[in-house]
>>> print(open('start-v1.pdb').read())   # PDB, C-alpha atoms
ATOM      1  CA  MET A  26    -178.852 -97.270 -55.340  1.00  0.00           C
ATOM      2  CA  PHE A  27    -177.359 -93.788 -55.712  1.00  0.00           C
ATOM      3  CA  ILE A  28    -175.637 -92.234 -52.684  1.00  0.00           C
ATOM      4  CA  GLN A  29    -174.857 -88.533 -52.766  1.00  0.00           C
ATOM      5  CA  THR A  30    -171.997 -87.043 -50.781  1.00  0.00           C
ATOM      6  CA  GLU A  31    -171.554 -83.550 -49.415  1.00  0.00           C
ATOM      7  CA  ALA A  32    -168.582 -81.844 -47.885  1.00  0.00           C
ATOM      8  CA  THR A  33    -169.032 -80.527 -44.352  1.00  0.00           C
ATOM      9  CA  PRO A  34    -167.287 -77.616 -42.624  1.00  0.00           C
ATOM     10  CA  ASN A  35    -165.191 -80.284 -40.900  1.00  0.00           C
ATOM     11  CA  PRO A  36    -162.587 -81.437 -43.471  1.00  0.00           C
ATOM     12  CA  ALA A  37    -162.261 -84.797 -41.689  1.00  0.00           C
ATOM     13  CA  THR A  38    -165.993 -85.562 -42.146  1.00  0.00           C
ATOM     14  CA  LEU A  39    -168.114 -86.290 -45.215  1.00  0.00           C
ATOM     15  CA  LYS A  40    -171.904 -86.451 -45.265  1.00  0.00           C
ATOM     16  CA  PHE A  41    -173.457 -89.372 -47.168  1.00  0.00           C
ATOM     17  CA  LEU A  42    -177.084 -89.182 -48.345  1.00  0.00           C
ATOM     18  CA  PRO A  43    -178.402 -92.652 -49.248  1.00  0.00           C
ATOM     19  CA  GLY A  44    -181.714 -91.317 -50.582  1.00  0.00           C
ATOM     20  CA  ARG A  45    -183.725 -93.041 -47.857  1.00  0.00           C
ATOM     21  CA  VAL A  46    -184.444 -92.735 -44.169  1.00  0.00           C
ATOM     22  CA  VAL A  47    -181.504 -93.820 -42.035  1.00  0.00           C
ATOM     23  CA  LEU A  48    -183.186 -93.371 -38.619  1.00  0.00           C
ATOM     24  CA  THR A  49    -186.904 -92.740 -38.210  1.00  0.00           C
ATOM     25  CA  GLU A  50    -186.301 -90.916 -34.926  1.00  0.00           C
ATOM     26  CA  GLY A  51    -183.360 -89.703 -32.888  1.00  0.00           C
ATOM     27  CA  THR A  52    -179.701 -89.942 -33.775  1.00  0.00           C
ATOM     28  CA  PHE A  53    -176.855 -92.399 -33.257  1.00  0.00           C
ATOM     29  CA  GLU A  54    -173.151 -91.723 -32.828  1.00  0.00           C
ATOM     30  CA  ALA A  55    -170.222 -94.128 -32.591  1.00  0.00           C
ATOM     31  CA  ARG A  56    -166.787 -92.718 -31.847  1.00  0.00           C
ATOM     32  CA  ASP A  57    -164.991 -96.045 -31.789  1.00  0.00           C
ATOM     33  CA  ALA A  58    -165.395 -99.608 -33.029  1.00  0.00           C
ATOM     34  CA  SER A  59    -166.727-100.897 -29.691  1.00  0.00           C
ATOM     35  CA  SER A  60    -169.619 -98.397 -29.614  1.00  0.00           C
ATOM     36  CA  ALA A  61    -170.262 -99.185 -33.287  1.00  0.00           C
ATOM     37  CA  GLU A  62    -171.133-102.775 -32.346  1.00  0.00           C
ATOM     38  CA  ARG A  63    -174.675-101.579 -31.533  1.00  0.00           C
ATOM     39  CA  SER A  64    -175.197-100.960 -35.255  1.00  0.00           C
ATOM     40  CA  PRO A  65    -174.508-103.329 -38.143  1.00  0.00           C
ATOM     41  CA  LEU A  66    -174.043-100.311 -40.444  1.00  0.00           C
ATOM     42  CA  ALA A  67    -171.653 -98.522 -38.076  1.00  0.00           C
ATOM     43  CA  SER A  68    -169.676-101.750 -37.624  1.00  0.00           C
ATOM     44  CA  ALA A  69    -169.339-102.092 -41.391  1.00  0.00           C
ATOM     45  CA  LEU A  70    -168.155 -98.493 -41.650  1.00  0.00           C
ATOM     46  CA  PHE A  71    -165.575 -98.952 -38.887  1.00  0.00           C
ATOM     47  CA  ALA A  72    -164.236-101.929 -40.828  1.00  0.00           C
ATOM     48  CA  VAL A  73    -163.115 -99.424 -43.485  1.00  0.00           C
ATOM     49  CA  PRO A  74    -159.477 -98.509 -42.753  1.00  0.00           C
ATOM     50  CA  GLY A  75    -159.208 -94.938 -41.512  1.00  0.00           C
ATOM     51  CA  VAL A  76    -162.792 -94.449 -40.273  1.00  0.00           C
ATOM     52  CA  SER A  77    -162.778 -92.930 -36.771  1.00  0.00           C
ATOM     53  CA  GLY A  78    -166.378 -91.789 -36.289  1.00  0.00           C
ATOM     54  CA  VAL A  79    -169.914 -92.388 -37.534  1.00  0.00           C
ATOM     55  CA  TYR A  80    -173.059 -90.339 -36.971  1.00  0.00           C
ATOM     56  CA  PHE A  81    -176.577 -91.179 -38.212  1.00  0.00           C
ATOM     57  CA  GLY A  82    -179.295 -88.563 -38.640  1.00  0.00           C
ATOM     58  CA  HIS A  83    -182.758 -88.897 -40.123  1.00  0.00           C
ATOM     59  CA  ASP A  84    -181.650 -89.143 -43.751  1.00  0.00           C
ATOM     60  CA  PHE A  85    -177.855 -88.905 -43.659  1.00  0.00           C
ATOM     61  CA  ILE A  86    -174.700 -90.599 -42.441  1.00  0.00           C
ATOM     62  CA  SER A  87    -171.659 -88.558 -41.428  1.00  0.00           C
ATOM     63  CA  VAL A  88    -168.362 -90.401 -41.520  1.00  0.00           C
ATOM     64  CA  THR A  89    -165.178 -89.024 -39.976  1.00  0.00           C
ATOM     65  CA  LYS A  90    -161.729 -90.225 -40.949  1.00  0.00           C
ATOM     66  CA  ALA A  91    -158.765 -90.279 -38.590  1.00  0.00           C
ATOM     67  CA  ASP A  92    -156.025 -87.681 -38.892  1.00  0.00           C
ATOM     68  CA  GLY A  93    -152.989 -88.788 -40.822  1.00  0.00           C
ATOM     69  CA  VAL A  94    -154.709 -91.594 -42.730  1.00  0.00           C
ATOM     70  CA  ASN A  95    -155.524 -91.748 -46.407  1.00  0.00           C
ATOM     71  CA  GLU A  96    -157.301 -88.787 -47.935  1.00  0.00           C
ATOM     72  CA  TRP A  97    -160.999 -88.916 -48.829  1.00  0.00           C
ATOM     73  CA  PRO A  98    -160.394 -90.014 -52.450  1.00  0.00           C
ATOM     74  CA  GLN A  99    -158.937 -93.251 -51.041  1.00  0.00           C
ATOM     75  CA  VAL A 100    -161.456 -93.753 -48.188  1.00  0.00           C
ATOM     76  CA  LYS A 101    -164.696 -92.600 -49.863  1.00  0.00           C
ATOM     77  CA  PRO A 102    -165.165 -95.542 -52.307  1.00  0.00           C
ATOM     78  CA  ALA A 103    -164.923 -98.088 -49.478  1.00  0.00           C
ATOM     79  CA  VAL A 104    -167.398 -96.084 -47.357  1.00  0.00           C
ATOM     80  CA  LEU A 105    -169.828 -95.857 -50.284  1.00  0.00           C
ATOM     81  CA  GLY A 106    -169.493 -99.622 -50.801  1.00  0.00           C
ATOM     82  CA  ALA A 107    -170.166-100.379 -47.126  1.00  0.00           C
ATOM     83  CA  ILE A 108    -173.278 -98.164 -47.108  1.00  0.00           C
ATOM     84  CA  MET A 109    -174.603 -99.652 -50.344  1.00  0.00           C
ATOM     85  CA  ASP A 110    -173.956-103.235 -49.212  1.00  0.00           C
ATOM     86  CA  HIS A 111    -175.700-102.588 -45.917  1.00  0.00           C
ATOM     87  CA  PHE A 112    -178.887-101.130 -47.390  1.00  0.00           C
ATOM     88  CA  GLN A 113    -179.072-103.782 -50.101  1.00  0.00           C
ATOM     89  CA  SER A 114    -178.739-106.537 -47.487  1.00  0.00           C
ATOM     90  CA  GLY A 115    -181.921-105.450 -45.680  1.00  0.00           C
ATOM     91  CA  ARG A 116    -180.220-105.548 -42.263  1.00  0.00           C
ATOM     92  CA  PRO A 117    -181.376-103.004 -39.654  1.00  0.00           C
ATOM     93  CA  VAL A 118    -179.346 -99.839 -39.116  1.00  0.00           C
ATOM     94  CA  LEU A 119    -179.405-100.369 -35.339  1.00  0.00           C
ATOM     95  CA  ALA A 120    -179.357-103.602 -33.379  1.00  0.00           C
ATOM     96  CA  GLU A 121    -182.582-104.336 -31.542  1.00  0.00           C
ATOM     97  CA  GLY A 122    -182.798-102.517 -28.208  1.00  0.00           C
ATOM     98  CA  THR A 123    -180.158 -99.901 -29.059  1.00  0.00           C
ATOM     99  CA  ALA A 124    -180.743 -96.629 -27.185  1.00  0.00           C
ATOM    100  CA  LEU A 125    -180.603 -93.506 -29.300  1.00  0.00           C
ATOM    101  CA  ALA A 126    -178.299 -90.574 -28.515  1.00  0.00           C
ATOM    102  CA  GLU A 127    -180.966 -88.407 -26.894  1.00  0.00           C
ATOM    103  CA  ASP A 128    -181.267 -90.981 -24.110  1.00  0.00           C
ATOM    104  CA  ASP A 129    -177.539 -91.227 -23.386  1.00  0.00           C
ATOM    105  CA  ALA A 130    -176.748 -88.142 -21.287  1.00  0.00           C
ATOM    106  CA  GLU A 131    -178.496 -86.559 -18.353  1.00  0.00           C
ATOM    107  CA  GLU A 132    -179.327 -82.853 -18.359  1.00  0.00           C
ATOM    108  CA  PHE A 133    -178.554 -80.490 -15.501  1.00  0.00           C
ATOM    109  CA  TYR A 134    -180.159 -77.187 -14.541  1.00  0.00           C
ATOM    110  CA  ASP A 135    -181.824 -75.541 -11.570  1.00  0.00           C
ATOM    111  CA  GLU A 136    -185.607 -75.957 -11.508  1.00  0.00           C
ATOM    112  CA  ALA A 137    -185.891 -72.163 -11.102  1.00  0.00           C
ATOM    113  CA  ASP A 138    -184.434 -71.877 -14.643  1.00  0.00           C
ATOM    114  CA  HIS A 139    -187.100 -74.128 -16.163  1.00  0.00           C
ATOM    115  CA  ASP A 140    -188.604 -71.401 -18.400  1.00  0.00           C
ATOM    116  CA  THR A 141    -185.169 -70.308 -19.642  1.00  0.00           C
ATOM    117  CA  VAL A 142    -184.230 -73.924 -20.395  1.00  0.00           C
ATOM    118  CA  ALA A 143    -187.528 -74.473 -22.229  1.00  0.00           C
ATOM    119  CA  THR A 144    -186.764 -71.464 -24.454  1.00  0.00           C
ATOM    120  CA  ILE A 145    -183.188 -72.688 -25.042  1.00  0.00           C
ATOM    121  CA  LYS A 146    -184.471 -76.121 -26.075  1.00  0.00           C
ATOM    122  CA  ASP A 147    -187.094 -74.568 -28.367  1.00  0.00           C
ATOM    123  CA  LEU A 148    -184.471 -72.380 -30.074  1.00  0.00           C
ATOM    124  CA  LEU A 149    -182.184 -75.391 -30.471  1.00  0.00           C
ATOM    125  CA  GLU A 150    -184.948 -77.528 -31.964  1.00  0.00           C
ATOM    126  CA  THR A 151    -186.410 -74.940 -34.343  1.00  0.00           C
ATOM    127  CA  ARG A 152    -183.426 -72.815 -35.388  1.00  0.00           C
ATOM    128  CA  VAL A 153    -180.105 -74.459 -34.606  1.00  0.00           C
ATOM    129  CA  ARG A 154    -180.441 -78.224 -35.105  1.00  0.00           C
ATOM    130  CA  PRO A 155    -181.939 -78.028 -38.630  1.00  0.00           C
ATOM    131  CA  ALA A 156    -179.037 -75.827 -39.739  1.00  0.00           C
ATOM    132  CA  VAL A 157    -176.354 -78.049 -38.211  1.00  0.00           C
ATOM    133  CA  ALA A 158    -177.994 -81.201 -39.592  1.00  0.00           C
ATOM    134  CA  GLY A 159    -177.486 -79.643 -43.018  1.00  0.00           C
ATOM    135  CA  ASP A 160    -173.760 -79.794 -42.278  1.00  0.00           C
ATOM    136  CA  GLY A 161    -173.902 -83.426 -41.108  1.00  0.00           C
ATOM    137  CA  GLY A 162    -173.947 -82.839 -37.373  1.00  0.00           C
ATOM    138  CA  ASP A 163    -176.040 -82.048 -34.358  1.00  0.00           C
ATOM    139  CA  ILE A 164    -176.005 -79.936 -31.208  1.00  0.00           C
ATOM    140  CA  THR A 165    -177.877 -81.098 -28.129  1.00  0.00           C
ATOM    141  CA  PHE A 166    -178.655 -79.441 -24.816  1.00  0.00           C
ATOM    142  CA  ARG A 167    -176.772 -80.792 -21.804  1.00  0.00           C
ATOM    143  CA  GLY A 168    -177.227 -78.131 -19.132  1.00  0.00           C
ATOM    144  CA  TYR A 169    -177.624 -74.561 -17.938  1.00  0.00           C
ATOM    145  CA  ARG A 170    -175.995 -72.995 -14.900  1.00  0.00           C
ATOM    146  CA  ASP A 171    -175.096 -69.407 -13.938  1.00  0.00           C
ATOM    147  CA  GLY A 172    -175.926 -67.996 -17.386  1.00  0.00           C
ATOM    148  CA  ILE A 173    -173.862 -70.604 -19.231  1.00  0.00           C
ATOM    149  CA  VAL A 174    -175.502 -73.001 -21.694  1.00  0.00           C
ATOM    150  CA  TYR A 175    -173.715 -76.334 -22.093  1.00  0.00           C
ATOM    151  CA  LEU A 176    -174.151 -78.048 -25.456  1.00  0.00           C
ATOM    152  CA  GLU A 177    -172.796 -81.262 -26.927  1.00  0.00           C
ATOM    153  CA  MET A 178    -171.485 -81.241 -30.487  1.00  0.00           C
ATOM    154  CA  LYS A 179    -172.035 -84.427 -32.497  1.00  0.00           C
ATOM    155  CA  GLY A 180    -171.301 -85.840 -35.918  1.00  0.00           C
ATOM    156  CA  ALA A 181    -169.472 -83.457 -38.252  1.00  0.00           C
ATOM    157  CA  CYS A 182    -169.650 -80.759 -35.553  1.00  0.00           C
ATOM    158  CA  SER A 183    -167.589 -82.784 -33.093  1.00  0.00           C
ATOM    159  CA  GLY A 184    -163.967 -81.774 -33.566  1.00  0.00           C
ATOM    160  CA  CYS A 185    -164.787 -79.364 -36.388  1.00  0.00           C
ATOM    161  CA  PRO A 186    -162.389 -76.431 -36.611  1.00  0.00           C
ATOM    162  CA  SER A 187    -165.295 -74.017 -37.153  1.00  0.00           C
ATOM    163  CA  SER A 188    -167.466 -75.367 -34.308  1.00  0.00           C
ATOM    164  CA  THR A 189    -166.148 -72.744 -31.881  1.00  0.00           C
ATOM    165  CA  ALA A 190    -167.199 -69.998 -34.287  1.00  0.00           C
ATOM    166  CA  THR A 191    -170.597 -71.667 -34.728  1.00  0.00           C
ATOM    167  CA  LEU A 192    -171.099 -71.703 -30.974  1.00  0.00           C
ATOM    168  CA  ARG A 193    -169.794 -68.192 -30.288  1.00  0.00           C
ATOM    169  CA  GLN A 194    -171.082 -66.183 -33.247  1.00  0.00           C
ATOM    170  CA  GLY A 195    -174.127 -68.211 -34.116  1.00  0.00           C
ATOM    171  CA  VAL A 196    -175.711 -70.027 -31.212  1.00  0.00           C
ATOM    172  CA  GLN A 197    -174.512 -67.739 -28.408  1.00  0.00           C
ATOM    173  CA  ASN A 198    -175.720 -64.595 -30.221  1.00  0.00           C
ATOM    174  CA  LEU A 199    -179.083 -66.226 -30.960  1.00  0.00           C
ATOM    175  CA  PHE A 200    -179.575 -67.200 -27.326  1.00  0.00           C
ATOM    176  CA  ARG A 201    -178.485 -63.758 -26.063  1.00  0.00           C
ATOM    177  CA  HIS A 202    -180.973 -62.100 -28.415  1.00  0.00           C
ATOM    178  CA  PHE A 203    -183.906 -64.050 -26.988  1.00  0.00           C
ATOM    179  CA  LEU A 204    -182.561 -64.606 -23.457  1.00  0.00           C
ATOM    180  CA  PRO A 205    -180.492 -61.761 -21.986  1.00  0.00           C
ATOM    181  CA  SER A 206    -179.674 -63.997 -18.991  1.00  0.00           C
ATOM    182  CA  VAL A 207    -177.475 -66.195 -21.224  1.00  0.00           C
ATOM    183  CA  ARG A 208    -173.872 -65.029 -20.856  1.00  0.00           C
ATOM    184  CA  GLU A 209    -172.036 -67.772 -22.703  1.00  0.00           C
ATOM    185  CA  VAL A 210    -172.320 -71.045 -24.601  1.00  0.00           C
ATOM    186  CA  GLN A 211    -169.802 -73.847 -24.019  1.00  0.00           C
ATOM    187  CA  ALA A 212    -169.261 -77.220 -25.636  1.00  0.00           C
ATOM    188  CA  VAL A 213    -169.028 -80.268 -23.359  1.00  0.00           C
TER     189      VAL A 213
END
>>> encode(input="start-v1.pdb", output="structure tokens")
Amino acid sequence: MFIQTEATPNPATLKFLPGRVVLTEGTFEARDASSAERSPLASALFAVPGVSGVYFGHDFISVTKADGVNEWPQVKPAVLGAIMDHFQSGRPVLAEGTALAEDDAEEFYDEADHDTVATIKDLLETRVRPAVAGDGGDITFRGYRDGIVYLEMKGACSGCPSSTATLRQGVQNLFRHFLPSVREVQAV
């Protein structure tokens, strides 16, 4: 098994590409060892000293290391070993009955803004999410109120130094172009 790695805009996160589907649908994120218990693979990754976050997309795994721990040259071999061991074992990526990330948080918006929200979600799905997945992360819709779009940053995007620029210059400008009623985009 050959696993490729890619740097992400977040220096604390590396993207691992195992050359196979990780999740057939949805995404999964674990920000601590207790939430990782829902996934045998995430649990194995959290057993690696220094790992502080795990995010699974369709065909990639983003792993975040804690600040002040070993640098990637020390952590990366153990992460690669954990991923390889997991896939060779044949164990599932998620424990049976594990809810995927899209089901975790409730959305909020006024029913009168339904058309605006539908356009926001379409723009996220077709233009934003594919680009951010390329960097090992995800952005999901959480709400819309008074011209402000609330989005959740996940994976490599969560805690990334350039995520504010991505939201302000990228996503916010895109939304304003198509929806003049959007005044601002905020991370939750």
>>> residues_around(input="start-v1.pdb", residues="Gly106 of chain A", least_positions_apart="5", cutoff="10 Å", atoms="all atoms listed in the file", output="PyMOL selection string")
chain A and resi 28+69-70+73+101+111
>>> closest_residue(input="start-v1.pdb", among="A:Pro117, A:Pro102, A:Pro65, A:Gly168", to="Val79 of chain A", atoms="only C-alpha atoms")
A:Pro65
>>> closest_residue(input="start-v1.pdb", among="A:Asp135, A:Glu54, A:Glu121, A:Asp140", to="Ile86 of chain A", atoms="all atoms listed in the file")
A:Glu54
>>> resolve_selection(input="start-v1.pdb", expression="the PyMOL selection byres ((chain A and resi 83) around 6)", output="PDB file with C-alpha atoms, in the coordinates of the input")
ATOM      1  CA  VAL A  46    -184.444 -92.735 -44.169  1.00  0.00           C
ATOM      2  CA  VAL A  47    -181.504 -93.820 -42.035  1.00  0.00           C
ATOM      3  CA  LEU A  48    -183.186 -93.371 -38.619  1.00  0.00           C
ATOM      4  CA  THR A  49    -186.904 -92.740 -38.210  1.00  0.00           C
ATOM      5  CA  GLY A  82    -179.295 -88.563 -38.640  1.00  0.00           C
ATOM      6  CA  ASP A  84    -181.650 -89.143 -43.751  1.00  0.00           C
TER       7      ASP A  84
END
>>> resolve_selection(input="start-v1.pdb", expression="the PyMOL selection byres ((chain A and resi 181-190) around 6)", output="ChimeraX atom specification")
/A:35,38,161-162,178-180,191-194
>>> resolve_selection(input="start-v1.pdb", expression="the PyMOL selection byres ((chain A and resi 92) around 9)", output="JSON, numbers by chain")
{"A": [37, 75, 77, 90, 91, 93, 94, 95]}
>>> residues_around(input="start-v1.pdb", residues="Ala61 of chain A", least_positions_apart="3", cutoff="12 Å", atoms="all atoms listed in the file", output="number ranges by chain")
A: 53-58, 64-72, 76-81, 118-120, 123
>>> axis_aligned_box(input="start-v1.pdb", around="segment 63-80 of chain A", padding_each_side="3 Å", output="lines of an AutoDock Vina configuration file")
center_x = -167.2
center_y = -96.8
center_z = -37.5
size_x = 22.0
size_y = 19.0
size_z = 18.0
>>> closest_residue(input="start-v1.pdb", among="A:Ile108, A:Ala143, A:Ala103, A:Ala212", to="Thr165 of chain A", atoms="all atoms listed in the file")
A:Ala212
